[in-house]
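Engineer: First, the structure itself, so that you have it in front of you.
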Amino acid sequence: MLALGVAAQAAGTLVVSAPALLIPHLLAQGMPFASAGLFAAAPTIGLVLTLIAWGAVTDRVGERVVIAGGLALTTLTVVGAWITAGDPLLLGIAFLAAGMTSASTNAASGRVVVGWFPKERRGLAMGIRQMSQPLGVTLAAVTVPLLTETDGIRSALLLPFALCAVLTVLCAVGIADPPRPPAAPAARSASPTNPYRASTFLWRVHLVSVLLVVPQFTLSTYGLVWLVGLGWSTPAAGLLVGVSQFVGAVGRIIVGAWSDRAGSRVGPLRIVAVAAAAVMGALALVDVSHWAPAAVFLVVATSVTVADNGLAYTSVAEAAGASWSGRALGAQNTGQFLAASAVGPGVGALVGALGFAASFAIVAALPLLALSVVPRSDVSHD
C-alpha cells in the first residue's frame, strides 16, 4: 500500500511539476516573467479547485477507486497537453486540468498510509509517503529541461504519460482500502463530530502549512531559474534541482521517524519552521555575495523547506479521525496549493522587481510568522 501510494503521488507530481521546469524555454520564446510564473502555477490552481471534493469522495467510496480513477483521468490530460504543446494558452489549460485530476492522489494516498499503519509507526510511514512529491519533482527536473531543450515539449511528456498509464492499472489491482474502525453503537445513527468545531487545532496547522509551503514552492519553481542566472547551463541546473529534491525526500523520512520517537508532530514542526527561515535568509546572502558554493546552499535549503509536509499531514489526519480525514487532508492540501498557486506569479513579480536576494529575504519572514501559529500540543482521535 505504501509503495503504490508513493508511486501514484510521484507520478501526479511529475505531471504538475513540468510547467515550472518549462520556464526557461518559455522565457527564451519571449514570454514575460510574470506570465511564465502564472503558467507554472496552472496545475496548482487545478489542485486547489478539486482537492476538498476528492477528499469527500474518498471518505465516501474509498481510496482505491479515487487513486486509480484519478490517475486514469490524469493520463488523459497528459495526452491533451501533448496535443496542444504548440500553443502556450491551450497547454496551460491542459496542465490546469492535470492539476484537477491529479489531486485525487493527494487526497487518497495519504489516507491509505494513515489507515494501514499504527500511530507509533505512522510518522515514518508518512515520511516515506511524503517522499513522493520531491521524488516526482526530481524526476521532472532531470528529464523535462533536458528533453525540452533537445527534442521539444512533446518529448518531455512521454514519461509522465507512461507512468500515469501504468500506475492506473497497478493501483486498480493492488490497492486495498484500509479497514475503518467500527462506529460506536450510539454514534451509528449520528453524524461524526466535526473536528473543525471542536477546537482550533486543524485551522492552525492548515495556516502553518500555508506559510511554510511558500519557501518550498519558491525553490521548486525558481531554483532552476536562479541557478541559470548564476551561470549554470539548463540541464546542469535541472540535475542539481533533482538532487536537491531527492535529498529532501530522504529528509522527510528522517523527520517522520524523529516525530515517532519524540511522540509529537508539532514539536518537530516548530523546529523545522525556524530552520526554514534560516536557510532562506542564507540563500539571500548567497545571491548578494555570489558565494561559490551556491549549489550546496540550494540543496540544504530545499531539504529543509520540504521537511514540514509529512509532520503537518500526519498531524491533520490524526486530529481529524477516520470519518473526517479525507476532507481534512483535502483542506490541508487546498490551503497549501492555494499558496503555491500564488508563488509562481507572486514571487515571479518580486524577482522581476527586486531581484532574487530581496525576494528570498521576504519569503524567509513567513516561517517566522508560522512559528507563532504552531499549536502547543498534539491532538489525536486514534
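Just remember, in the C-alpha cells the first chain shown is A, the second B, etc., residues are 1-based per chain, and ligands are 1-based in the order shown.
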Got a sec: who's within 10 Å of Val274 of chain A, counting only C-alpha atoms, leaving out chain neighbours fewer than 3 positions off, as a count of residues only?

Structural biologist: 13

Engineer: Restricting the calculation to only C-alpha atoms, which member of A:Val351, A:Val66, A:Leu89, A:Ile253 is positioned closest to Val363 of chain A?

Structural biologist: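 The shortest atom-to-atom distance to Val363 of chain A comes from A:Val351.
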
Engineer: In terms of the shortest atom-to-atom distance over only C-alpha atoms, which of A:Arg261, A:Arg204, A:Arg154, A:Arg327 is closest to Leu91 of chain A?

Structural biologist: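 Looking at the shortest contact to Leu91 of chain A, the residue is A:Arg154.
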
Engineer: Neighbouring residues of segment 70-84 of chain A were defined as those with any atom within 6 Å, considering only C-alpha atoms; residues of the same chain fewer than 4 positions away were excluded. Please report them as a ChimeraX atom specification.

Structural biologist: /A:66,90-91,94,98,101-102,104,154,161,164-165,168

Engineer: Skip Gly326 of chain A itself and residues of its chain fewer than 5 positions away, then list as a PyMOL selection string all residues within 7 Å of it, counting only C-alpha atoms.

Structural biologist: chain A and resi 55-56+58-59+107-108+111

Engineer: I'd like the neighbourhood of segment 142-147 of chain A as a CSV table (one decimal) with C-alpha atoms, in the first residue's frame, where a residue qualifies if any of its atoms comes within 8 Å (using only C-alpha atoms), though same-chain residues fewer than 4 positions away should be ignored.

Structural biologist:
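And here's part06.csv as it stands now:
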chain,number,residue,atom,x,y,z
A,18,ALA,CA,6.6,20.0,-15.5
A,21,LEU,CA,10.6,23.5,-15.5
A,22,LEU,CA,9.5,24.8,-18.8
A,138,THR,CA,13.3,15.1,-9.0
A,151,ASP,CA,13.6,17.5,-28.6
A,152,GLY,CA,10.8,19.9,-27.6
A,153,ILE,CA,8.0,19.9,-25.1
A,155,SER,CA,9.1,14.5,-25.8
A,156,ALA,CA,9.1,15.6,-22.2
A,157,LEU,CA,5.5,14.5,-21.8
A,234,THR,CA,19.8,24.5,-18.0
A,235,PRO,CA,20.5,20.7,-18.0
A,238,GLY,CA,17.9,20.8,-13.7
A,239,LEU,CA,20.1,17.9,-12.4
A,241,VAL,CA,17.4,20.7,-8.6
A,242,GLY,CA,16.7,17.0,-8.9

Engineer: Residues at most 7 Å from Asn333 of chain A, counting only C-alpha atoms, excluding those fewer than 4 positions away in the same chain, as an MDAnalysis selection string?

Structural biologist: chainID A and resid 51 329 337

Engineer: When you count only C-alpha atoms, which of these residues is closest to Val57 of chain A: A:Ala103, A:Val15, A:Leu350, A:Leu96?

Structural biologist: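 Result for the nearest residue to Val57 of chain A: A:Ala103.
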
Engineer: Could you check how far atom CA of Leu311 of chain A sits from atom CA of Arg60 of chain A, in Å to one decimal?

Structural biologist: 25.3 Å

Engineer: Quick one: residues within 12 Å of Gly136 of chain A, only C-alpha atoms, excluding same-chain residues fewer than 5 positions away - as JSON, numbers by chain?

Structural biologist: {"A": [6, 7, 8, 9, 10, 11, 12, 13, 14, 15, 16, 17, 18, 129, 130, 131, 141, 142, 143, 144, 159, 160, 163, 164, 220, 241, 242, 243, 245, 246, 248, 249]}

Engineer: Enumerate the residues of segment 244-325 of chain A with a DSSP assignment of alpha helix (DSSP H), computed from the backbone, and present them as a PyMOL selection string.

Structural biologist: chain A and resi 244-262+266-289+294-305+308-320+325

Engineer: Between A:Ala276, A:Val113, A:Val379, A:Leu207, which one has atoms that come closest to Gly321 of chain A, using only C-alpha atoms?

Structural biologist: A:Val379

Engineer: Check the smallest atom-to-atom distance from each of A:Ser359, A:Ser289, A:Ser380, A:Ser259 to Glu318 of chain A using only C-alpha atoms, then report the winner.

Structural biologist: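 Of all the options, A:Ser380 lies closest to Glu318 of chain A.
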
Engineer: Which value, in Å to one decimal, gives the distance between atom CA of Leu4 of chain A and atom CA of Cys171 of chain A?

Structural biologist: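 Distance between the two atoms: 6.4 Å.
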
Engineer: Kindly indicate which residue among A:Ala365, A:Ile23, A:Met126, A:Ile45 lies nearest to Ser315 of chain A, using only C-alpha atoms for the distances.

Structural biologist: A:Met126

Engineer: Atom CA of Pro178 of chain A to atom CA of Ser323 of chain A: how many Å, to one decimal?

Structural biologist: 12.7 Å
